>>> print(open('coords.cif').read())   # mmCIF, C-alpha atoms
data_protein
#
loop_
_atom_site.group_PDB
_atom_site.id
_atom_site.type_symbol
_atom_site.label_atom_id
_atom_site.label_comp_id
_atom_site.auth_asym_id
_atom_site.auth_seq_id
_atom_site.Cartn_x
_atom_site.Cartn_y
_atom_site.Cartn_z
ATOM 1 C CA MET A 1 154.843 -18.438 19.664
ATOM 2 C CA THR A 2 152.911 -20.343 17.016
ATOM 3 C CA PRO A 3 150.757 -23.367 17.922
ATOM 4 C CA SER A 4 153.245 -25.676 16.196
ATOM 5 C CA GLN A 5 156.010 -24.410 18.508
ATOM 6 C CA ASP A 6 153.970 -24.739 21.713
ATOM 7 C CA THR A 7 154.447 -28.424 22.385
ATOM 8 C CA PHE A 8 154.380 -30.519 25.517
ATOM 9 C CA THR A 9 156.059 -33.808 26.305
ATOM 10 C CA ILE A 10 154.808 -37.040 27.855
ATOM 11 C CA ALA A 11 157.317 -39.841 28.407
ATOM 12 C CA GLY A 12 159.621 -38.450 25.734
ATOM 13 C CA ARG A 13 156.852 -38.079 23.152
ATOM 14 C CA HIS A 14 156.157 -34.553 21.907
ATOM 15 C CA PHE A 15 152.637 -33.335 21.136
ATOM 16 C CA THR A 16 151.138 -30.177 19.672
ATOM 17 C CA SER A 17 147.444 -30.771 20.406
ATOM 18 C CA ARG A 18 146.586 -30.361 24.085
ATOM 19 C CA LEU A 19 143.178 -31.944 23.603
ATOM 20 C CA LEU A 20 143.050 -35.670 24.328
ATOM 21 C CA VAL A 21 139.874 -37.530 23.440
ATOM 22 C CA GLY A 22 138.140 -40.808 24.174
ATOM 23 C CA THR A 23 136.299 -43.135 21.835
ATOM 24 C CA GLY A 24 133.221 -44.241 23.787
ATOM 25 C CA LYS A 25 129.528 -43.367 23.457
ATOM 26 C CA TYR A 26 129.502 -42.442 19.760
ATOM 27 C CA LYS A 27 126.702 -43.868 17.646
ATOM 28 C CA ASP A 28 129.057 -45.674 15.270
ATOM 29 C CA MET A 29 132.641 -45.942 14.074
ATOM 30 C CA ASP A 30 132.167 -43.308 11.386
ATOM 31 C CA GLU A 31 130.993 -40.683 13.870
ATOM 32 C CA THR A 32 133.922 -41.610 16.103
ATOM 33 C CA ARG A 33 136.346 -41.038 13.253
ATOM 34 C CA ARG A 34 134.822 -37.730 12.143
ATOM 35 C CA ALA A 35 134.632 -36.285 15.653
ATOM 36 C CA ILE A 36 138.209 -37.186 16.466
ATOM 37 C CA GLU A 37 139.418 -35.737 13.193
ATOM 38 C CA ALA A 38 137.569 -32.501 13.972
ATOM 39 C CA SER A 39 139.109 -32.354 17.449
ATOM 40 C CA GLY A 40 142.641 -32.271 16.094
ATOM 41 C CA ALA A 41 143.674 -34.633 18.899
ATOM 42 C CA GLU A 42 146.900 -36.563 18.606
ATOM 43 C CA ILE A 43 146.336 -38.769 21.669
ATOM 44 C CA VAL A 44 143.264 -40.987 21.625
ATOM 45 C CA THR A 45 142.356 -43.093 24.633
ATOM 46 C CA ILE A 46 140.602 -46.444 24.290
ATOM 47 C CA ALA A 47 138.913 -48.458 27.026
ATOM 48 C CA VAL A 48 140.485 -51.880 26.571
ATOM 49 C CA ARG A 49 137.747 -53.740 28.440
ATOM 50 C CA ARG A 50 134.941 -52.133 26.421
ATOM 51 C CA THR A 51 136.383 -51.718 22.936
ATOM 52 C CA ASN A 52 137.750 -54.184 20.416
ATOM 53 C CA MET A 53 141.397 -53.470 19.662
ATOM 54 C CA GLY A 54 141.976 -56.833 18.052
ATOM 55 C CA GLN A 55 141.141 -59.151 20.918
ATOM 56 C CA ASN A 56 137.894 -60.137 19.138
ATOM 57 C CA ALA A 57 138.755 -61.068 15.564
ATOM 58 C CA ASP A 58 135.126 -61.284 14.404
ATOM 59 C CA GLU A 59 134.169 -57.722 15.521
ATOM 60 C CA PRO A 60 134.962 -54.287 14.036
ATOM 61 C CA ASN A 61 138.346 -53.063 15.247
ATOM 62 C CA ILE A 62 138.573 -49.455 16.492
ATOM 63 C CA LEU A 63 142.134 -49.304 15.157
ATOM 64 C CA ASP A 64 140.794 -49.602 11.614
ATOM 65 C CA VAL A 65 139.360 -46.083 11.878
ATOM 66 C CA LEU A 66 141.990 -44.743 14.305
ATOM 67 C CA PRO A 67 145.243 -46.192 12.965
ATOM 68 C CA PRO A 68 148.215 -46.165 15.372
ATOM 69 C CA ASP A 69 150.439 -44.642 12.695
ATOM 70 C CA GLN A 70 148.182 -41.565 12.727
ATOM 71 C CA TYR A 71 147.342 -41.310 16.436
ATOM 72 C CA THR A 72 149.081 -42.089 19.697
ATOM 73 C CA ILE A 73 146.824 -44.747 21.151
ATOM 74 C CA LEU A 74 146.383 -44.499 24.912
ATOM 75 C CA PRO A 75 144.876 -47.722 26.292
ATOM 76 C CA ASN A 76 142.987 -47.110 29.526
ATOM 77 C CA THR A 77 141.679 -49.261 32.350
ATOM 78 C CA ALA A 78 138.142 -47.864 32.479
ATOM 79 C CA GLY A 79 135.826 -50.223 34.326
ATOM 80 C CA CYS A 80 138.533 -51.642 36.568
ATOM 81 C CA TYR A 81 137.791 -51.714 40.301
ATOM 82 C CA ASP A 82 140.840 -53.521 41.658
ATOM 83 C CA VAL A 83 144.592 -53.596 41.216
ATOM 84 C CA ASP A 84 144.872 -57.001 39.541
ATOM 85 C CA THR A 85 142.276 -56.230 36.864
ATOM 86 C CA ALA A 86 143.856 -52.874 36.045
ATOM 87 C CA VAL A 87 147.340 -54.351 35.751
ATOM 88 C CA ARG A 88 146.112 -57.282 33.660
ATOM 89 C CA THR A 89 144.265 -54.882 31.325
ATOM 90 C CA CYS A 90 147.403 -52.835 30.705
ATOM 91 C CA ARG A 91 149.407 -55.948 29.958
ATOM 92 C CA LEU A 92 146.749 -57.093 27.473
ATOM 93 C CA ALA A 93 146.912 -53.708 25.743
ATOM 94 C CA ARG A 94 150.694 -53.914 25.495
ATOM 95 C CA GLU A 95 150.379 -57.314 23.852
ATOM 96 C CA LEU A 96 147.709 -56.128 21.406
ATOM 97 C CA LEU A 97 149.744 -53.037 20.476
ATOM 98 C CA ASP A 98 153.066 -54.801 19.962
ATOM 99 C CA GLY A 99 154.846 -53.587 23.067
ATOM 100 C CA HIS A 100 153.237 -50.150 23.396
ATOM 101 C CA ASN A 101 153.827 -49.087 27.005
ATOM 102 C CA LEU A 102 152.023 -45.736 27.389
ATOM 103 C CA VAL A 103 148.798 -46.309 29.322
ATOM 104 C CA LYS A 104 146.168 -44.410 31.248
ATOM 105 C CA LEU A 105 145.528 -45.949 34.641
ATOM 106 C CA GLU A 106 142.248 -45.597 36.473
ATOM 107 C CA VAL A 107 141.105 -47.779 39.334
ATOM 108 C CA LEU A 108 137.589 -46.865 40.377
ATOM 109 C CA GLY A 109 136.184 -46.910 43.893
ATOM 110 C CA ASP A 110 132.495 -47.556 43.198
ATOM 111 C CA GLU A 111 129.976 -47.585 40.371
ATOM 112 C CA LYS A 112 127.892 -44.667 41.649
ATOM 113 C CA THR A 113 130.509 -41.912 41.822
ATOM 114 C CA LEU A 114 133.263 -43.419 39.639
ATOM 115 C CA PHE A 115 135.712 -41.637 41.908
ATOM 116 C CA PRO A 116 139.189 -43.151 41.945
ATOM 117 C CA ASP A 117 140.183 -45.647 44.603
ATOM 118 C CA VAL A 118 143.337 -43.803 45.601
ATOM 119 C CA VAL A 119 144.914 -46.646 47.583
ATOM 120 C CA ALA A 120 144.388 -49.137 44.756
ATOM 121 C CA THR A 121 145.568 -46.575 42.191
ATOM 122 C CA LEU A 122 148.851 -46.110 44.051
ATOM 123 C CA LYS A 123 149.398 -49.870 44.233
ATOM 124 C CA ALA A 124 148.571 -50.430 40.568
ATOM 125 C CA ALA A 125 150.795 -47.548 39.478
ATOM 126 C CA GLU A 126 153.710 -48.981 41.450
ATOM 127 C CA THR A 127 153.270 -52.391 39.822
ATOM 128 C CA LEU A 128 152.945 -51.011 36.302
ATOM 129 C CA ILE A 129 155.919 -48.680 36.594
ATOM 130 C CA ALA A 130 158.062 -51.567 37.840
ATOM 131 C CA ASP A 131 156.873 -53.543 34.797
ATOM 132 C CA GLY A 132 158.106 -50.887 32.379
ATOM 133 C CA PHE A 133 154.897 -48.979 31.671
ATOM 134 C CA ASP A 134 154.690 -45.219 31.231
ATOM 135 C CA VAL A 135 151.695 -44.441 33.404
ATOM 136 C CA MET A 136 149.355 -41.495 32.969
ATOM 137 C CA VAL A 137 147.132 -41.635 36.004
ATOM 138 C CA TYR A 138 143.545 -40.585 36.721
ATOM 139 C CA THR A 139 143.196 -39.335 40.270
ATOM 140 C CA ASN A 140 141.179 -37.021 42.469
ATOM 141 C CA ASP A 141 142.071 -33.335 42.829
ATOM 142 C CA ASP A 142 144.159 -33.863 45.969
ATOM 143 C CA PRO A 143 147.568 -32.136 45.608
ATOM 144 C CA ILE A 144 149.201 -34.540 48.072
ATOM 145 C CA VAL A 145 148.097 -37.609 46.138
ATOM 146 C CA ALA A 146 149.191 -35.968 42.880
ATOM 147 C CA ARG A 147 152.619 -35.321 44.357
ATOM 148 C CA GLU A 148 152.942 -38.933 45.500
ATOM 149 C CA LEU A 149 151.960 -40.302 42.084
ATOM 150 C CA GLU A 150 154.543 -38.085 40.423
ATOM 151 C CA SER A 151 157.253 -39.092 42.881
ATOM 152 C CA MET A 152 156.512 -42.760 42.131
ATOM 153 C CA GLY A 153 157.286 -42.157 38.471
ATOM 154 C CA CYS A 154 153.950 -41.499 36.765
ATOM 155 C CA VAL A 155 154.572 -39.569 33.542
ATOM 156 C CA ALA A 156 151.400 -37.442 33.800
ATOM 157 C CA VAL A 157 148.929 -36.669 36.561
ATOM 158 C CA MET A 158 145.271 -36.405 35.555
ATOM 159 C CA PRO A 159 143.048 -34.909 38.272
ATOM 160 C CA LEU A 160 139.305 -34.947 37.748
ATOM 161 C CA ALA A 161 137.424 -31.693 37.255
ATOM 162 C CA ALA A 162 134.168 -33.303 38.395
ATOM 163 C CA PRO A 163 132.721 -36.839 38.366
ATOM 164 C CA ILE A 164 133.183 -38.774 35.129
ATOM 165 C CA GLY A 165 130.484 -37.960 32.596
ATOM 166 C CA SER A 166 128.867 -35.274 34.789
ATOM 167 C CA GLY A 167 129.657 -32.273 32.594
ATOM 168 C CA LEU A 168 129.836 -30.034 35.663
ATOM 169 C CA GLY A 169 133.159 -28.391 34.867
ATOM 170 C CA ILE A 170 135.957 -27.690 37.326
ATOM 171 C CA ARG A 171 134.523 -27.843 40.841
ATOM 172 C CA ASN A 172 137.718 -27.010 42.720
ATOM 173 C CA PRO A 173 139.973 -24.755 40.657
ATOM 174 C CA TYR A 174 142.186 -23.932 43.635
ATOM 175 C CA ASN A 175 143.256 -27.542 44.044
ATOM 176 C CA ILE A 176 143.952 -27.813 40.316
ATOM 177 C CA VAL A 177 146.165 -24.716 40.494
ATOM 178 C CA GLU A 178 147.997 -26.160 43.494
ATOM 179 C CA ILE A 179 148.700 -29.358 41.561
ATOM 180 C CA VAL A 180 149.834 -27.448 38.469
ATOM 181 C CA GLU A 181 152.151 -25.126 40.391
ATOM 182 C CA ASN A 182 153.986 -27.986 42.081
ATOM 183 C CA ALA A 183 154.111 -30.619 39.343
ATOM 184 C CA LYS A 184 157.142 -31.382 37.215
ATOM 185 C CA VAL A 185 155.186 -33.677 34.906
ATOM 186 C CA PRO A 186 152.234 -32.715 32.689
ATOM 187 C CA VAL A 187 148.936 -32.082 34.460
ATOM 188 C CA LEU A 188 145.864 -32.925 32.392
ATOM 189 C CA VAL A 189 142.318 -32.368 33.582
ATOM 190 C CA ASP A 190 140.446 -35.625 33.134
ATOM 191 C CA ALA A 191 136.690 -36.087 33.615
ATOM 192 C CA GLY A 192 133.842 -33.686 34.244
ATOM 193 C CA VAL A 193 134.223 -31.247 31.356
ATOM 194 C CA GLY A 194 130.865 -30.489 29.744
ATOM 195 C CA THR A 195 131.337 -27.654 27.304
ATOM 196 C CA ALA A 196 133.947 -25.490 25.633
ATOM 197 C CA SER A 197 134.140 -22.891 28.399
ATOM 198 C CA HIS A 198 135.096 -25.625 30.889
ATOM 199 C CA ALA A 199 138.001 -26.664 28.672
ATOM 200 C CA ALA A 200 139.146 -23.065 28.331
ATOM 201 C CA VAL A 201 139.091 -22.603 32.111
ATOM 202 C CA ALA A 202 141.263 -25.688 32.605
ATOM 203 C CA MET A 203 143.846 -24.277 30.234
ATOM 204 C CA GLU A 204 143.654 -20.806 31.805
ATOM 205 C CA LEU A 205 144.545 -22.433 35.132
ATOM 206 C CA GLY A 206 147.805 -23.609 33.565
ATOM 207 C CA CYS A 207 146.985 -27.233 32.828
ATOM 208 C CA ASP A 208 148.981 -28.866 30.058
ATOM 209 C CA GLY A 209 145.900 -30.363 28.461
ATOM 210 C CA VAL A 210 142.411 -31.778 28.883
ATOM 211 C CA LEU A 211 141.100 -35.278 28.256
ATOM 212 C CA MET A 212 137.409 -35.656 27.472
ATOM 213 C CA ASN A 213 134.921 -38.059 25.934
ATOM 214 C CA THR A 214 131.302 -37.573 27.013
ATOM 215 C CA ALA A 215 131.360 -33.800 26.460
ATOM 216 C CA ILE A 216 131.916 -34.459 22.763
ATOM 217 C CA ALA A 217 130.186 -37.801 22.210
ATOM 218 C CA ALA A 218 126.992 -36.830 24.079
ATOM 219 C CA ALA A 219 126.583 -33.488 22.307
ATOM 220 C CA LYS A 220 123.739 -33.149 19.808
ATOM 221 C CA ASP A 221 126.383 -32.614 17.128
ATOM 222 C CA PRO A 222 129.555 -34.389 18.290
ATOM 223 C CA VAL A 223 131.633 -33.334 15.298
ATOM 224 C CA LEU A 224 130.808 -29.665 15.801
ATOM 225 C CA MET A 225 131.437 -29.950 19.547
ATOM 226 C CA ALA A 226 134.820 -31.538 18.861
ATOM 227 C CA SER A 227 135.709 -28.527 16.743
ATOM 228 C CA ALA A 228 134.530 -26.187 19.504
ATOM 229 C CA MET A 229 136.673 -27.998 22.064
ATOM 230 C CA LYS A 230 139.729 -27.707 19.836
ATOM 231 C CA LYS A 231 139.270 -23.937 19.674
ATOM 232 C CA ALA A 232 138.574 -23.650 23.411
ATOM 233 C CA ILE A 233 141.778 -25.474 24.290
ATOM 234 C CA GLN A 234 143.756 -23.190 22.002
ATOM 235 C CA ALA A 235 142.116 -20.037 23.345
ATOM 236 C CA GLY A 236 142.595 -21.037 26.977
ATOM 237 C CA ARG A 237 146.226 -21.901 26.390
ATOM 238 C CA GLU A 238 146.909 -18.591 24.653
ATOM 239 C CA ALA A 239 145.189 -16.695 27.469
ATOM 240 C CA TRP A 240 147.383 -18.430 30.039
ATOM 241 C CA LEU A 241 150.530 -17.698 28.034
ATOM 242 C CA ALA A 242 149.475 -14.069 27.594
ATOM 243 C CA GLY A 243 149.030 -13.540 31.336
ATOM 244 C CA ARG A 244 145.636 -12.180 32.268
ATOM 245 C CA MET A 245 145.076 -8.761 33.812
ATOM 246 C CA GLN A 246 144.765 -8.604 37.584
ATOM 247 C CA PRO A 247 141.130 -8.475 38.683
ATOM 248 C CA LYS A 248 140.069 -5.345 40.562
ATOM 249 C CA ARG A 249 137.234 -4.678 42.923
ATOM 250 C CA TYR A 250 136.287 -1.326 41.380
ATOM 251 C CA ALA A 251 136.052 0.095 37.887
ATOM 252 C CA SER A 252 139.129 1.295 36.052
ATOM 253 C CA ALA A 253 138.757 3.518 32.972
ATOM 254 C CA SER A 254 139.860 1.884 29.751
ATOM 255 C CA SER A 255 140.970 5.182 28.252
ATOM 256 C CA PRO A 256 143.777 7.243 29.868
ATOM 257 C CA LEU A 257 142.710 10.326 31.789
ATOM 258 C CA GLU A 258 145.953 12.252 31.254
ATOM 259 C CA GLY A 259 145.892 15.111 28.782
ATOM 260 C CA LEU A 260 142.141 15.780 28.877
ATOM 261 C CA PHE A 261 141.216 19.367 27.958
ATOM 262 C CA PHE A 262 137.901 19.583 29.816
#
>>> encode(input="coords.cif", output="structure tokens")
Amino acid sequence: MTPSQDTFTIAGRHFTSRLLVGTGKYKDMDETRRAIEASGAEIVTIAVRRTNMGQNADEPNILDVLPPDQYTILPNTAGCYDVDTAVRTCRLARELLDGHNLVKLEVLGDEKTLFPDVVATLKAAETLIADGFDVMVYTNDDPIVARELESMGCVAVMPLAAPIGSGLGIRNPYNIVEIVENAKVPVLVDAGVGTASHAAVAMELGCDGVLMNTAIAAAKDPVLMASAMKKAIQAGREAWLAGRMQPKRYASASSPLEGLFF
């Protein structure tokens, strides 16, 4: 199977790149553009409350360097701590993007951990789905919560690997596997990836993709790191498709022993 044939689907939209990227923390618009180009990402998420998408006419518009006819723009509710603010932010994004209804929902519990407020997330998701949004949802790595979000109608479940911006990698791979094995919608690791090996591990666990921002933007060379992440996602995906060998406790000779003459 070639990379162009290995697609996945979110809300009826088909994608080849399994790397989703954010747009925050870069030093300027040009670095943002170059890093995202190097990543090969097709889905780009934008924090509506922190980034100008046209709501401020006298400021640079992120869509000028990331045009919607080239990327699938994924507005997100970063910085929202309650249901009403999250819902209002998604509705603003839909207005700014001429009816675009694919959004990433996150409702945070507190400023220290940035863990999701699960109760508020469930309520906001219910409201947005009823209002016609296709909701990709940031959540914790709880398989029961993931199952509930899917059953409500979320189009993708996005469990954290570790706290947002921590770069710690996947802290609980067993929960991620449990979510993946039981989900009928795409599962995308979101938050906590720090380097290319973390992205590869997520894909080797069977995830459909990985969303990241800080791991690329906070690197010494964001453009080079974006390229590394692209390769890691591809390698991890191919390893999962190939089916890894079973680990063994003791050594096993690589060369066959049959037919030896001494």
>>> closest_residue(input="coords.cif", among="A:Val193, A:Ala218, A:Met152, A:Met158", to="Asn140 (chain A)", atoms="only C-alpha atoms")
A:Met158
>>> atom_distance(input="coords.cif", atom1="CA of Val135 (chain A)", atom2="CA of Asn175 (chain A)")
21.7 Å
>>> residues_around(input="coords.cif", residues="region 199-215 of chain A", least_positions_apart="6", cutoff="6 Å", atoms="all atoms listed in the file", output="list of chain:residue names")
A:Arg18, A:Leu19, A:Leu20, A:Val21, A:Gly22, A:Gly165, A:Pro186, A:Val187, A:Leu188, A:Val189, A:Asp190, A:Ala232, A:Ile233, A:Gly236, A:Arg237, A:Trp240
>>> resolve_selection(input="coords.cif", expression="the PyMOL selection byres ((chain A and resi 90-96) around 9)", output="PDB file with C-alpha atoms, keeping the file's coordinate frame")
ATOM      1  CA  VAL A  48     140.485 -51.880  26.571  1.00  0.00           C
ATOM      2  CA  MET A  53     141.397 -53.470  19.662  1.00  0.00           C
ATOM      3  CA  GLY A  54     141.976 -56.833  18.052  1.00  0.00           C
ATOM      4  CA  GLN A  55     141.141 -59.151  20.918  1.00  0.00           C
ATOM      5  CA  PRO A  75     144.876 -47.722  26.292  1.00  0.00           C
ATOM      6  CA  ASN A  76     142.987 -47.110  29.526  1.00  0.00           C
ATOM      7  CA  THR A  77     141.679 -49.261  32.350  1.00  0.00           C
ATOM      8  CA  THR A  85     142.276 -56.230  36.864  1.00  0.00           C
ATOM      9  CA  ALA A  86     143.856 -52.874  36.045  1.00  0.00           C
ATOM     10  CA  VAL A  87     147.340 -54.351  35.751  1.00  0.00           C
ATOM     11  CA  ARG A  88     146.112 -57.282  33.660  1.00  0.00           C
ATOM     12  CA  THR A  89     144.265 -54.882  31.325  1.00  0.00           C
ATOM     13  CA  LEU A  97     149.744 -53.037  20.476  1.00  0.00           C
ATOM     14  CA  ASP A  98     153.066 -54.801  19.962  1.00  0.00           C
ATOM     15  CA  GLY A  99     154.846 -53.587  23.067  1.00  0.00           C
ATOM     16  CA  HIS A 100     153.237 -50.150  23.396  1.00  0.00           C
ATOM     17  CA  ASN A 101     153.827 -49.087  27.005  1.00  0.00           C
ATOM     18  CA  LEU A 102     152.023 -45.736  27.389  1.00  0.00           C
ATOM     19  CA  VAL A 103     148.798 -46.309  29.322  1.00  0.00           C
ATOM     20  CA  LYS A 104     146.168 -44.410  31.248  1.00  0.00           C
ATOM     21  CA  LEU A 105     145.528 -45.949  34.641  1.00  0.00           C
ATOM     22  CA  LEU A 128     152.945 -51.011  36.302  1.00  0.00           C
ATOM     23  CA  PHE A 133     154.897 -48.979  31.671  1.00  0.00           C
TER      24      PHE A 133
END
>>> closest_residue(input="coords.cif", among="A:Ile62, A:Val107, A:Ala191, A:Ala239", to="Tyr81 (chain A)", atoms="only C-alpha atoms")
A:Val107
>>> closest_residue(input="coords.cif", among="A:Gly192, A:Asp142, A:Thr45, A:Ala183", to="Ala161 (chain A)", atoms="all atoms listed in the file")
A:Gly192
>>> build_atoms(input="coords.cif", residues="region 211-234 of chain A", atoms="N, CA and C atoms", output="PDB file, in the coordinates of the input")
ATOM      1  N   LEU A 211     141.609 -34.060  28.875  1.00  0.00           N
ATOM      2  CA  LEU A 211     141.100 -35.278  28.256  1.00  0.00           C
ATOM      3  C   LEU A 211     139.591 -35.310  28.456  1.00  0.00           C
ATOM      4  N   MET A 212     138.869 -35.599  27.386  1.00  0.00           N
ATOM      5  CA  MET A 212     137.409 -35.656  27.472  1.00  0.00           C
ATOM      6  C   MET A 212     136.847 -36.685  26.504  1.00  0.00           C
ATOM      7  N   ASN A 213     135.640 -37.144  26.812  1.00  0.00           N
ATOM      8  CA  ASN A 213     134.921 -38.059  25.934  1.00  0.00           C
ATOM      9  C   ASN A 213     133.447 -37.684  25.872  1.00  0.00           C
ATOM     10  N   THR A 214     132.744 -37.779  26.998  1.00  0.00           N
ATOM     11  CA  THR A 214     131.302 -37.573  27.013  1.00  0.00           C
ATOM     12  C   THR A 214     130.915 -36.186  26.514  1.00  0.00           C
ATOM     13  N   ALA A 215     131.693 -35.168  26.869  1.00  0.00           N
ATOM     14  CA  ALA A 215     131.360 -33.800  26.460  1.00  0.00           C
ATOM     15  C   ALA A 215     131.225 -33.686  24.943  1.00  0.00           C
ATOM     16  N   ILE A 216     132.000 -34.469  24.225  1.00  0.00           N
ATOM     17  CA  ILE A 216     131.916 -34.459  22.763  1.00  0.00           C
ATOM     18  C   ILE A 216     130.892 -35.480  22.284  1.00  0.00           C
ATOM     19  N   ALA A 217     131.019 -36.712  22.738  1.00  0.00           N
ATOM     20  CA  ALA A 217     130.186 -37.801  22.210  1.00  0.00           C
ATOM     21  C   ALA A 217     128.709 -37.628  22.533  1.00  0.00           C
ATOM     22  N   ALA A 218     128.388 -36.989  23.686  1.00  0.00           N
ATOM     23  CA  ALA A 218     126.992 -36.830  24.079  1.00  0.00           C
ATOM     24  C   ALA A 218     126.373 -35.529  23.591  1.00  0.00           C
ATOM     25  N   ALA A 219     127.137 -34.718  22.878  1.00  0.00           N
ATOM     26  CA  ALA A 219     126.583 -33.488  22.307  1.00  0.00           C
ATOM     27  C   ALA A 219     125.599 -33.830  21.189  1.00  0.00           C
ATOM     28  N   LYS A 220     124.681 -32.915  20.909  1.00  0.00           N
ATOM     29  CA  LYS A 220     123.739 -33.149  19.808  1.00  0.00           C
ATOM     30  C   LYS A 220     124.471 -33.275  18.485  1.00  0.00           C
ATOM     31  N   ASP A 221     125.553 -32.523  18.328  1.00  0.00           N
ATOM     32  CA  ASP A 221     126.383 -32.614  17.128  1.00  0.00           C
ATOM     33  C   ASP A 221     127.821 -32.856  17.590  1.00  0.00           C
ATOM     34  N   PRO A 222     128.226 -34.109  17.754  1.00  0.00           N
ATOM     35  CA  PRO A 222     129.555 -34.389  18.290  1.00  0.00           C
ATOM     36  C   PRO A 222     130.700 -33.821  17.454  1.00  0.00           C
ATOM     37  N   VAL A 223     130.550 -33.834  16.150  1.00  0.00           N
ATOM     38  CA  VAL A 223     131.633 -33.334  15.298  1.00  0.00           C
ATOM     39  C   VAL A 223     131.811 -31.830  15.495  1.00  0.00           C
ATOM     40  N   LEU A 224     130.716 -31.103  15.572  1.00  0.00           N
ATOM     41  CA  LEU A 224     130.808 -29.665  15.801  1.00  0.00           C
ATOM     42  C   LEU A 224     131.351 -29.364  17.194  1.00  0.00           C
ATOM     43  N   MET A 225     130.929 -30.160  18.195  1.00  0.00           N
ATOM     44  CA  MET A 225     131.437 -29.950  19.547  1.00  0.00           C
ATOM     45  C   MET A 225     132.929 -30.241  19.612  1.00  0.00           C
ATOM     46  N   ALA A 226     133.385 -31.236  18.896  1.00  0.00           N
ATOM     47  CA  ALA A 226     134.820 -31.538  18.861  1.00  0.00           C
ATOM     48  C   ALA A 226     135.603 -30.352  18.323  1.00  0.00           C
ATOM     49  N   SER A 227     135.073 -29.717  17.295  1.00  0.00           N
ATOM     50  CA  SER A 227     135.709 -28.527  16.743  1.00  0.00           C
ATOM     51  C   SER A 227     135.725 -27.385  17.753  1.00  0.00           C
ATOM     52  N   ALA A 228     134.603 -27.224  18.482  1.00  0.00           N
ATOM     53  CA  ALA A 228     134.530 -26.187  19.504  1.00  0.00           C
ATOM     54  C   ALA A 228     135.556 -26.426  20.609  1.00  0.00           C
ATOM     55  N   MET A 229     135.712 -27.670  21.018  1.00  0.00           N
ATOM     56  CA  MET A 229     136.673 -27.998  22.064  1.00  0.00           C
ATOM     57  C   MET A 229     138.104 -27.718  21.617  1.00  0.00           C
ATOM     58  N   LYS A 230     138.399 -28.004  20.375  1.00  0.00           N
ATOM     59  CA  LYS A 230     139.729 -27.707  19.836  1.00  0.00           C
ATOM     60  C   LYS A 230     140.031 -26.217  19.969  1.00  0.00           C
ATOM     61  N   LYS A 231     139.073 -25.391  19.603  1.00  0.00           N
ATOM     62  CA  LYS A 231     139.270 -23.937  19.674  1.00  0.00           C
ATOM     63  C   LYS A 231     139.362 -23.454  21.117  1.00  0.00           C
ATOM     64  N   ALA A 232     138.564 -24.052  22.002  1.00  0.00           N
ATOM     65  CA  ALA A 232     138.574 -23.650  23.411  1.00  0.00           C
ATOM     66  C   ALA A 232     139.920 -23.951  24.058  1.00  0.00           C
ATOM     67  N   ILE A 233     140.468 -25.106  23.756  1.00  0.00           N
ATOM     68  CA  ILE A 233     141.778 -25.474  24.290  1.00  0.00           C
ATOM     69  C   ILE A 233     142.831 -24.480  23.818  1.00  0.00           C
ATOM     70  N   GLN A 234     142.786 -24.136  22.557  1.00  0.00           N
ATOM     71  CA  GLN A 234     143.756 -23.190  22.002  1.00  0.00           C
ATOM     72  C   GLN A 234     143.598 -21.808  22.628  1.00  0.00           C
TER      73      GLN A 234
END
